[in-house]
Structures are given as C-alpha cells and as structure tokens.
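The data block below is entry_14.cif; it holds mmCIF, C-alpha atoms and all ligand atoms.
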```cif
data_run
#
loop_
_atom_site.group_PDB
_atom_site.id
_atom_site.type_symbol
_atom_site.label_atom_id
_atom_site.label_comp_id
_atom_site.auth_asym_id
_atom_site.auth_seq_id
_atom_site.Cartn_x
_atom_site.Cartn_y
_atom_site.Cartn_z
ATOM 1 C CA MET A 1 -25.619 -50.124 111.003
ATOM 2 C CA ARG A 2 -27.904 -49.841 114.010
ATOM 3 C CA LEU A 3 -27.225 -52.133 116.999
ATOM 4 C CA ASP A 4 -29.379 -52.457 120.111
ATOM 5 C CA VAL A 5 -28.546 -54.384 123.252
ATOM 6 C CA ILE A 6 -31.035 -55.286 125.975
ATOM 7 C CA THR A 7 -29.390 -56.182 129.288
ATOM 8 C CA ILE A 8 -29.816 -55.963 133.042
ATOM 9 C CA PHE A 9 -26.250 -54.586 133.239
ATOM 10 C CA PRO A 10 -26.102 -51.597 130.868
ATOM 11 C CA GLU A 11 -22.746 -50.508 132.391
ATOM 12 C CA TYR A 12 -21.254 -53.789 131.201
ATOM 13 C CA LEU A 13 -21.559 -52.556 127.628
ATOM 14 C CA GLY A 14 -19.528 -49.418 128.436
ATOM 15 C CA PRO A 15 -16.527 -50.610 126.379
ATOM 16 C CA LEU A 16 -18.624 -50.107 123.225
ATOM 17 C CA ARG A 17 -18.029 -46.399 123.743
ATOM 18 C CA GLU A 18 -14.228 -46.787 123.807
ATOM 19 C CA SER A 19 -11.507 -46.959 121.228
ATOM 20 C CA LEU A 20 -12.261 -47.883 117.615
ATOM 21 C CA LEU A 21 -15.906 -48.652 118.366
ATOM 22 C CA GLY A 22 -16.350 -45.277 120.018
ATOM 23 C CA LYS A 23 -14.809 -43.646 116.945
ATOM 24 C CA ALA A 24 -17.079 -45.631 114.623
ATOM 25 C CA ARG A 25 -20.000 -44.377 116.692
ATOM 26 C CA SER A 26 -18.942 -40.742 116.599
ATOM 27 C CA ARG A 27 -18.332 -40.989 112.833
ATOM 28 C CA GLY A 28 -21.865 -42.324 112.385
ATOM 29 C CA ILE A 29 -20.777 -45.716 111.009
ATOM 30 C CA ILE A 30 -22.536 -47.518 113.834
ATOM 31 C CA ASP A 31 -25.289 -46.358 116.080
ATOM 32 C CA ILE A 32 -25.640 -48.309 119.330
ATOM 33 C CA GLY A 33 -28.555 -48.283 121.755
ATOM 34 C CA ILE A 34 -28.193 -49.894 125.191
ATOM 35 C CA HIS A 35 -31.444 -50.668 126.992
ATOM 36 C CA ASP A 36 -32.026 -51.648 130.616
ATOM 37 C CA LEU A 37 -34.348 -54.675 130.712
ATOM 38 C CA ARG A 38 -35.655 -53.500 134.104
ATOM 39 C CA ASP A 39 -37.376 -50.579 132.344
ATOM 40 C CA TRP A 40 -39.984 -53.157 131.285
ATOM 41 C CA THR A 41 -40.668 -54.590 134.761
ATOM 42 C CA SER A 42 -43.927 -53.756 136.461
ATOM 43 C CA ASP A 43 -43.314 -54.669 140.142
ATOM 44 C CA VAL A 44 -41.636 -52.559 142.828
ATOM 45 C CA HIS A 45 -38.671 -54.932 142.991
ATOM 46 C CA LYS A 46 -38.133 -54.705 139.230
ATOM 47 C CA SER A 47 -37.722 -58.478 139.136
ATOM 48 C CA VAL A 48 -36.660 -60.045 135.867
ATOM 49 C CA ASP A 49 -36.423 -63.715 136.875
ATOM 50 C CA ASP A 50 -38.350 -66.482 138.595
ATOM 51 C CA SER A 51 -37.815 -70.110 139.613
ATOM 52 C CA PRO A 52 -37.922 -72.700 136.839
ATOM 53 C CA TYR A 53 -40.949 -74.887 136.162
ATOM 54 C CA GLY A 54 -39.961 -78.514 136.661
ATOM 55 C CA GLY A 55 -37.403 -77.583 139.320
ATOM 56 C CA GLY A 56 -33.665 -77.412 139.003
ATOM 57 C CA PRO A 57 -31.058 -74.856 139.990
ATOM 58 C CA GLY A 58 -31.005 -71.155 139.189
ATOM 59 C CA MET A 59 -33.580 -68.770 137.873
ATOM 60 C CA VAL A 60 -35.201 -68.213 134.490
ATOM 61 C CA MET A 61 -35.747 -64.778 132.966
ATOM 62 C CA LYS A 62 -39.426 -63.888 132.752
ATOM 63 C CA PRO A 63 -41.315 -63.776 129.444
ATOM 64 C CA THR A 64 -43.568 -61.022 130.809
ATOM 65 C CA VAL A 65 -40.547 -58.688 130.963
ATOM 66 C CA TRP A 66 -38.662 -59.827 127.849
ATOM 67 C CA GLY A 67 -41.794 -59.816 125.648
ATOM 68 C CA PRO A 68 -42.570 -56.085 125.994
ATOM 69 C CA ALA A 69 -38.853 -55.204 125.886
ATOM 70 C CA LEU A 70 -38.434 -56.940 122.518
ATOM 71 C CA ASP A 71 -41.728 -55.519 121.227
ATOM 72 C CA ALA A 72 -40.361 -52.052 121.965
ATOM 73 C CA VAL A 73 -36.754 -52.467 120.816
ATOM 74 C CA CYS A 74 -36.808 -55.064 118.028
ATOM 75 C CA PRO A 75 -38.504 -54.202 114.723
ATOM 76 C CA ASP A 76 -39.747 -57.101 112.573
ATOM 77 C CA ASP A 77 -37.025 -56.561 109.951
ATOM 78 C CA ALA A 78 -34.113 -56.695 112.452
ATOM 79 C CA LEU A 79 -31.926 -59.702 113.095
ATOM 80 C CA LEU A 80 -32.496 -60.732 116.717
ATOM 81 C CA VAL A 81 -29.565 -62.470 118.431
ATOM 82 C CA PHE A 82 -29.693 -64.429 121.669
ATOM 83 C CA PRO A 83 -26.193 -65.245 122.954
ATOM 84 C CA THR A 84 -26.303 -68.642 124.651
ATOM 85 C CA PRO A 85 -23.856 -71.497 125.207
ATOM 86 C CA ALA A 86 -26.513 -73.699 123.553
ATOM 87 C CA GLY A 87 -26.352 -71.684 120.321
ATOM 88 C CA GLU A 88 -24.676 -72.216 116.957
ATOM 89 C CA PRO A 89 -20.968 -71.303 117.020
ATOM 90 C CA PHE A 90 -20.128 -67.659 116.284
ATOM 91 C CA THR A 91 -17.385 -67.600 113.641
ATOM 92 C CA GLN A 92 -15.727 -65.120 111.265
ATOM 93 C CA HIS A 93 -18.291 -66.268 108.716
ATOM 94 C CA THR A 94 -21.102 -65.189 111.096
ATOM 95 C CA ALA A 95 -19.407 -61.812 111.597
ATOM 96 C CA GLU A 96 -19.153 -61.298 107.820
ATOM 97 C CA ARG A 97 -22.791 -62.231 107.300
ATOM 98 C CA TRP A 98 -23.971 -59.934 110.113
ATOM 99 C CA SER A 99 -21.827 -57.046 108.836
ATOM 100 C CA ARG A 100 -24.298 -56.788 105.920
ATOM 101 C CA GLU A 101 -27.316 -56.369 108.249
ATOM 102 C CA PRO A 102 -28.664 -52.834 108.714
ATOM 103 C CA ARG A 103 -30.076 -53.625 112.141
ATOM 104 C CA ILE A 104 -29.217 -56.186 114.842
ATOM 105 C CA VAL A 105 -30.763 -56.513 118.305
ATOM 106 C CA PHE A 106 -28.906 -58.484 120.991
ATOM 107 C CA ALA A 107 -30.889 -59.914 123.910
ATOM 108 C CA CYS A 108 -28.564 -60.679 126.837
ATOM 109 C CA GLY A 109 -29.764 -63.488 129.060
ATOM 110 C CA ARG A 110 -28.414 -64.117 132.545
ATOM 111 C CA TYR A 111 -28.884 -66.849 135.114
ATOM 112 C CA GLU A 112 -30.137 -70.108 133.621
ATOM 113 C CA GLY A 113 -31.462 -68.434 130.493
ATOM 114 C CA ILE A 114 -34.597 -66.816 129.140
ATOM 115 C CA ASP A 115 -38.029 -68.502 129.117
ATOM 116 C CA GLN A 116 -38.063 -70.417 125.806
ATOM 117 C CA ARG A 117 -41.378 -68.866 124.774
ATOM 118 C CA VAL A 118 -39.673 -65.487 124.392
ATOM 119 C CA ILE A 119 -37.489 -66.946 121.647
ATOM 120 C CA ASP A 120 -40.320 -68.956 120.086
ATOM 121 C CA ASP A 121 -42.585 -65.889 120.063
ATOM 122 C CA ALA A 122 -39.881 -63.668 118.524
ATOM 123 C CA ARG A 123 -39.306 -66.254 115.765
ATOM 124 C CA GLY A 124 -42.908 -65.626 114.726
ATOM 125 C CA ARG A 125 -42.080 -62.127 113.530
ATOM 126 C CA ALA A 126 -38.297 -61.601 113.259
ATOM 127 C CA ARG A 127 -35.233 -63.521 112.125
ATOM 128 C CA VAL A 128 -33.757 -65.076 115.279
ATOM 129 C CA GLU A 129 -30.326 -66.604 115.852
ATOM 130 C CA GLU A 130 -29.123 -68.291 119.048
ATOM 131 C CA VAL A 131 -25.346 -68.024 119.012
ATOM 132 C CA SER A 132 -22.513 -69.275 121.228
ATOM 133 C CA LEU A 133 -19.071 -67.769 121.616
ATOM 134 C CA GLY A 134 -17.470 -71.100 122.435
ATOM 135 C CA ASP A 135 -17.621 -74.214 124.546
ATOM 136 C CA TYR A 136 -17.519 -72.563 127.954
ATOM 137 C CA ILE A 137 -20.107 -70.918 130.175
ATOM 138 C CA LEU A 138 -20.089 -67.186 130.777
ATOM 139 C CA ILE A 139 -22.180 -65.558 133.488
ATOM 140 C CA GLY A 140 -24.357 -63.901 130.884
ATOM 141 C CA GLY A 141 -24.540 -62.743 127.300
ATOM 142 C CA GLU A 142 -22.976 -59.285 127.806
ATOM 143 C CA VAL A 143 -19.349 -60.223 127.228
ATOM 144 C CA ALA A 144 -20.406 -62.372 124.273
ATOM 145 C CA VAL A 145 -22.127 -59.306 122.782
ATOM 146 C CA LEU A 146 -18.984 -57.202 123.249
ATOM 147 C CA VAL A 147 -17.013 -59.818 121.343
ATOM 148 C CA MET A 148 -19.576 -60.211 118.571
ATOM 149 C CA VAL A 149 -20.077 -56.451 118.095
ATOM 150 C CA GLU A 150 -16.335 -55.887 117.856
ATOM 151 C CA ALA A 151 -15.922 -58.702 115.333
ATOM 152 C CA VAL A 152 -18.743 -57.288 113.189
ATOM 153 C CA ALA A 153 -17.928 -53.587 113.541
ATOM 154 C CA ARG A 154 -14.320 -53.911 112.418
ATOM 155 C CA LEU A 155 -15.561 -55.299 109.094
ATOM 156 C CA LEU A 156 -17.588 -52.159 108.326
ATOM 157 C CA PRO A 157 -15.994 -49.778 105.813
ATOM 158 C CA GLY A 158 -14.206 -46.928 107.587
ATOM 159 C CA VAL A 159 -13.815 -48.615 110.987
ATOM 160 C CA LEU A 160 -10.316 -49.986 110.451
ATOM 161 C CA GLY A 161 -7.670 -47.678 109.061
ATOM 162 C CA ASN A 162 -6.446 -50.135 106.468
ATOM 163 C CA GLN A 163 -9.157 -51.967 104.524
ATOM 164 C CA GLN A 164 -6.612 -54.521 103.340
ATOM 165 C CA SER A 165 -5.859 -55.573 106.886
ATOM 166 C CA HIS A 166 -8.960 -57.635 107.541
ATOM 167 C CA ARG A 167 -8.683 -59.428 104.222
ATOM 168 C CA GLU A 168 -5.462 -61.001 105.464
ATOM 169 C CA ASP A 169 -6.798 -61.915 108.903
ATOM 170 C CA SER A 170 -6.741 -65.301 110.439
ATOM 171 C CA PHE A 171 -9.906 -67.098 109.257
ATOM 172 C CA SER A 172 -10.702 -64.839 106.306
ATOM 173 C CA ASP A 173 -9.176 -67.588 104.151
ATOM 174 C CA GLY A 174 -9.985 -70.325 106.665
ATOM 175 C CA LEU A 175 -6.393 -70.523 107.964
ATOM 176 C CA LEU A 176 -4.554 -69.062 110.961
ATOM 177 C CA GLU A 177 -2.393 -66.049 110.248
ATOM 178 C CA GLY A 178 1.360 -66.522 110.658
ATOM 179 C CA PRO A 179 3.783 -64.360 112.662
ATOM 180 C CA SER A 180 4.465 -60.646 112.019
ATOM 181 C CA TYR A 181 7.667 -58.615 112.441
ATOM 182 C CA THR A 182 8.710 -54.954 112.436
ATOM 183 C CA ARG A 183 11.979 -53.008 112.933
ATOM 184 C CA PRO A 184 14.631 -53.560 114.181
ATOM 185 C CA ALA A 185 15.797 -56.436 111.972
ATOM 186 C CA SER A 186 17.696 -57.914 114.905
ATOM 187 C CA TRP A 187 16.460 -57.720 118.504
ATOM 188 C CA ARG A 188 17.803 -59.528 121.595
ATOM 189 C CA GLY A 189 19.699 -61.863 119.314
ATOM 190 C CA LEU A 190 16.561 -62.756 117.347
ATOM 191 C CA ASP A 191 16.488 -61.981 113.630
ATOM 192 C CA VAL A 192 13.557 -61.256 111.350
ATOM 193 C CA PRO A 193 13.304 -64.070 108.764
ATOM 194 C CA PRO A 194 15.548 -62.774 105.943
ATOM 195 C CA ILE A 195 13.029 -63.580 103.214
ATOM 196 C CA LEU A 196 10.744 -60.806 104.550
ATOM 197 C CA MET A 197 13.487 -58.284 103.750
ATOM 198 C CA SER A 198 14.254 -59.735 100.315
ATOM 199 C CA GLY A 199 11.826 -57.479 98.438
ATOM 200 C CA ASP A 200 10.729 -60.521 96.394
ATOM 201 C CA HIS A 201 6.942 -60.196 96.742
ATOM 202 C CA ALA A 202 6.098 -63.570 95.221
ATOM 203 C CA ARG A 203 8.506 -65.446 97.501
ATOM 204 C CA VAL A 204 7.297 -63.458 100.537
ATOM 205 C CA ALA A 205 3.669 -64.336 99.694
ATOM 206 C CA SER A 206 4.512 -68.002 99.313
ATOM 207 C CA TRP A 207 6.499 -68.003 102.595
ATOM 208 C CA LYS A 208 3.585 -66.369 104.430
ATOM 209 C CA ARG A 209 1.201 -68.921 102.991
ATOM 210 C CA GLN A 210 3.439 -71.746 104.201
ATOM 211 C CA GLN A 211 3.648 -70.213 107.690
ATOM 212 C CA SER A 212 -0.170 -70.115 107.771
ATOM 213 C CA LEU A 213 -0.443 -73.698 106.617
ATOM 214 C CA ARG A 214 2.134 -74.922 109.159
ATOM 215 C CA LEU A 215 0.526 -73.054 112.065
ATOM 216 C CA THR A 216 -2.953 -74.246 111.134
ATOM 217 C CA ALA A 217 -1.766 -77.841 110.819
ATOM 218 C CA GLN A 218 -0.158 -77.610 114.278
ATOM 219 C CA ARG A 219 -2.837 -75.771 116.211
ATOM 220 C CA ARG A 220 -6.154 -76.179 114.379
ATOM 221 C CA PRO A 221 -5.808 -79.130 111.990
ATOM 222 C CA GLU A 222 -9.599 -79.404 111.694
ATOM 223 C CA LEU A 223 -9.645 -76.040 109.843
ATOM 224 C CA LEU A 224 -7.674 -77.513 106.941
ATOM 225 C CA ALA A 225 -10.607 -79.699 105.970
ATOM 226 C CA SER A 226 -12.741 -76.686 105.011
ATOM 227 C CA ALA A 227 -9.994 -74.320 103.772
ATOM 228 C CA GLU A 228 -9.460 -73.785 100.056
ATOM 229 C CA LEU A 229 -6.107 -75.425 99.379
ATOM 230 C CA SER A 230 -4.151 -75.246 96.130
ATOM 231 C CA ALA A 231 -2.097 -78.141 94.790
ATOM 232 C CA ALA A 232 1.018 -76.301 96.059
ATOM 233 C CA ASP A 233 -0.562 -75.948 99.548
ATOM 234 C CA GLN A 234 -1.392 -79.645 99.575
ATOM 235 C CA GLN A 235 2.123 -80.560 98.491
ATOM 236 C CA PHE A 236 3.603 -78.385 101.246
ATOM 237 C CA LEU A 237 1.396 -80.045 103.871
ATOM 238 C CA ASP A 238 2.311 -83.523 102.620
ATOM 239 C CA THR A 239 6.058 -82.933 103.052
HETATM 240 N N1 LIG B 1 -23.818 -66.970 127.671
HETATM 241 C C1 LIG B 1 -23.210 -67.789 128.557
HETATM 242 N N2 LIG B 1 -22.235 -68.486 127.994
HETATM 243 C C2 LIG B 1 -22.198 -68.108 126.682
HETATM 244 C C3 LIG B 1 -21.410 -68.472 125.575
HETATM 245 N N3 LIG B 1 -20.436 -69.387 125.659
HETATM 246 N N4 LIG B 1 -21.665 -67.891 124.392
HETATM 247 C C4 LIG B 1 -22.663 -66.985 124.276
HETATM 248 N N5 LIG B 1 -23.429 -66.597 125.290
HETATM 249 C C5 LIG B 1 -23.215 -67.152 126.492
#
```

Reformat the file's structure so that it appears as structure tokens.
Amino acid sequence: MRLDVITIFPEYLGPLRESLLGKARSRGIIDIGIHDLRDWTSDVHKSVDDSPYGGGPGMVMKPTVWGPALDAVCPDDALLVFPTPAGEPFTQHTAERWSREPRIVFACGRYEGIDQRVIDDARGRARVEEVSLGDYILIGGEVAVLVMVEAVARLLPGVLGNQQSHREDSFSDGLLEGPSYTRPASWRGLDVPPILMSGDHARVASWKRQQSLRLTAQRRPELLASAELSAADQQFLDT
C-alpha cells in the first residue's frame, strides 16, 4: 500500500517512521511519502493561505498552491482523503475499507480549511472522501492522519504479529472489547475471573461475549442497535 501525505508540517508526521509503522515500512508492506505543501508555493514568503472571501475569522488555504500539489502527488486512481471536522465519521469500517486500497493520498488542511474549489476540482478526477476523527476541533489534519494511518496499517497482513488479534478487537463485531488479564492469577488482592482459568473454551467464549455486551450497553448503548446480536445475546441484555 502506498500512502502520501501533503502537509505544511512534515515533521509532524515523524511518528509514522516509529514502532510498528516503521517496521511495516522497512518490510515493504507500506510505502509512505511525506510532502511539504510549501514546495508548490511561488512567492518568496511561501504563503499557503489568504483571508476568506465574505469575511470571518482565520485564513483559508489557497487553491493555487493545493491544486498543483495534488496534481503532482495524487494520481487519478488514488483515494484522496481530506481530514476535516465537517467530514463523515472515521470508523473501524472506514479503516477496513481503506485497507483494501492500493494508494491513498491525505491532504492536511490547517487554519479554517482549504478553499472548497480544491476539493470540488479533485472530485472531477479522483475518488474523494472528507473524513472527521470525531466531534472536536484539532488544529489541523496531521494528527487525524496519524490516527487514520495507524488504524489502516495495522489491518494489513504482516503488520501485527498475531493476525487473530484484530479480529477480536473492539468494533470488529460492532461491540466494545471486554477486559483482559495475564499472570499472576492474584495481584494486590485482585483475582483473575476464575472462569478464564477453567480451560472450558465454550464457557470462556460465552463469558467474554457477555462482558462485551455489558460494557457496550453501559458505555456505548447506541452501538447495540447496529451490532449483530444472537437470541442468547438479546436474552442476556434483557436480564
Ligand atoms: N481537522 C480538524 N479537526 C479535525 C477532526 N476532528 N477530524 C479530522 N480532521 C480535523
């Protein structure tokens, strides 16, 4: 998978070189290009923004810089992503869908956003998604890209050690994942739930499922509406 990020703060994307993502890069599973938007400016000040038409606070990123940057970095067959608080929510489902893309380009906006014509123009030739990390405002899209790239990259074969592990994640079945335990069996007066040491795989699986259901009902009840629930799940929730 090839990922490209266009930003005015290339150093901000440094963490993509660390840890599991760095390993995925050196193993050739992902190839990441980071591009400085200012390389496409044409004035001595390398300015990327200007005051908004119609007034209002802040600055808007210039189409005359973003246009050539996207022409150079984003091929027509790539998926082009604009992180923005006004976008569609980024979810595990989005990450799974994107993990099947051979090429994604992320365009990081700052300030009050990017001139809308940049997005409208790009839609004329590439597949464009405007995506939000959540209902809060970040300073720019860079941190959102770090989050989205990590969520996508860990789904690629060979990035995580254990391929089973992301099948059991929170959200992969639409529910929150319950608690985990490791040795010792007793620690600071707190015991591991005995059922986990019973060796009875069917009972352990059913206990884990119930923990997930309980946690989801407590913390994210709205997720239950779209989760696939068995009759046994439903009965558990009703009691
Ligand atoms: N840029 C600023 N805030 C954002 C958010 N919540 N999600 C994605 N990009 C953003």

Evaluate the PyMOL selection byres (((not hetatm)) within 10 of (chain B and resi 1)) here and jot the selected residues down as a ChimeraX atom specification.
/A:82-90,108-113,130-145,147-148

One residue among A:Val152, A:Gly174, A:Leu70, A:Val65 is nearest to Val128 of chain A when using only C-alpha atoms, and that residue is A:Leu70

Considering all atoms listed in the file, return as a PyMOL selection string whatever protein or nucleic-acid residues lie within 9 Å of Pro52 of chain A, sequence-local ones (same chain, fewer than 5 positions apart) excluded.
chain A and resi 57-60+112+115

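What separates atom CA of Ala227 of chain A from atom CA of Asn162 of chain A is a distance of 24.6 Å.
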
Result set of the PyMOL selection byres (((chain A and resi 64) around 9) and not hetatm) on the coordinates above, as an MDAnalysis selection string:
chainID A and resid 40:41 48 61:63 65:69 118

Can you spell out as a ChimeraX atom specification the set of residues that the PyMOL selection byres (((chain A and resi 11) around 12) and not hetatm) selects in the structure I just provided?
/A:5-10,12-17,34-36,142-143,146

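Here the question is which of A:Gly28, A:Gln211, A:Leu20, A:Gly178 gets nearest to Ala151 of chain A using all atoms listed in the file, and that residue is A:Leu20.
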
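The gap separating atom CA of Glu96 of chain A from atom CA of Pro221 of chain A is 22.7 Å, in Å to one decimal.
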
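Counting all atoms listed in the file, the residue from A:Glu18, A:Asp49, A:Glu150, A:Asp39 that sits nearest to Leu3 of chain A is A:Glu150.
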
Near Glu101 of chain A, counting only C-alpha atoms, which residues have an atom at most 9 Å away, once you skip same-chain residues fewer than 5 positions from it, shown as a PDB file with C-alpha atoms, in the frame of the given file?
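Produced file out_31.pdb, reproduced below:
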```
ATOM      1  CA  MET A   1     -25.619 -50.124 111.003  1.00  0.00           C
ATOM      2  CA  ARG A   2     -27.904 -49.841 114.010  1.00  0.00           C
ATOM      3  CA  ALA A  78     -34.113 -56.695 112.452  1.00  0.00           C
ATOM      4  CA  LEU A  79     -31.926 -59.702 113.095  1.00  0.00           C
TER       5      LEU A  79
END
```

Return the single residue from A:Ile104, A:Leu21, A:Ile29, A:Val73 that is closest to Gly158 of chain A, with distances computed using only C-alpha atoms.
A:Ile29

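You will find atom CA of Arg183 of chain A at 21.6 Å from atom CA of Ser212 of chain A.
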
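Closest approach to Arg127 of chain A from the set A:Asp173, A:Asp76, A:Glu228, A:Asp238 is made by A:Asp76, with distances taken over only C-alpha atoms.
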
Within 9 Å of His93 of chain A using only C-alpha atoms, minus same-chain residues under 4 positions, as a VMD selection string:
chain A and resid 97 to 98 171 to 172

Take the residues just selected and output them with C-alpha atoms as a PDB file, in the frame of the given file.
```
ATOM      1  CA  ARG A  97     -22.791 -62.231 107.300  1.00  0.00           C
ATOM      2  CA  TRP A  98     -23.971 -59.934 110.113  1.00  0.00           C
ATOM      3  CA  PHE A 171      -9.906 -67.098 109.257  1.00  0.00           C
ATOM      4  CA  SER A 172     -10.702 -64.839 106.306  1.00  0.00           C
TER       5      SER A 172
END
```
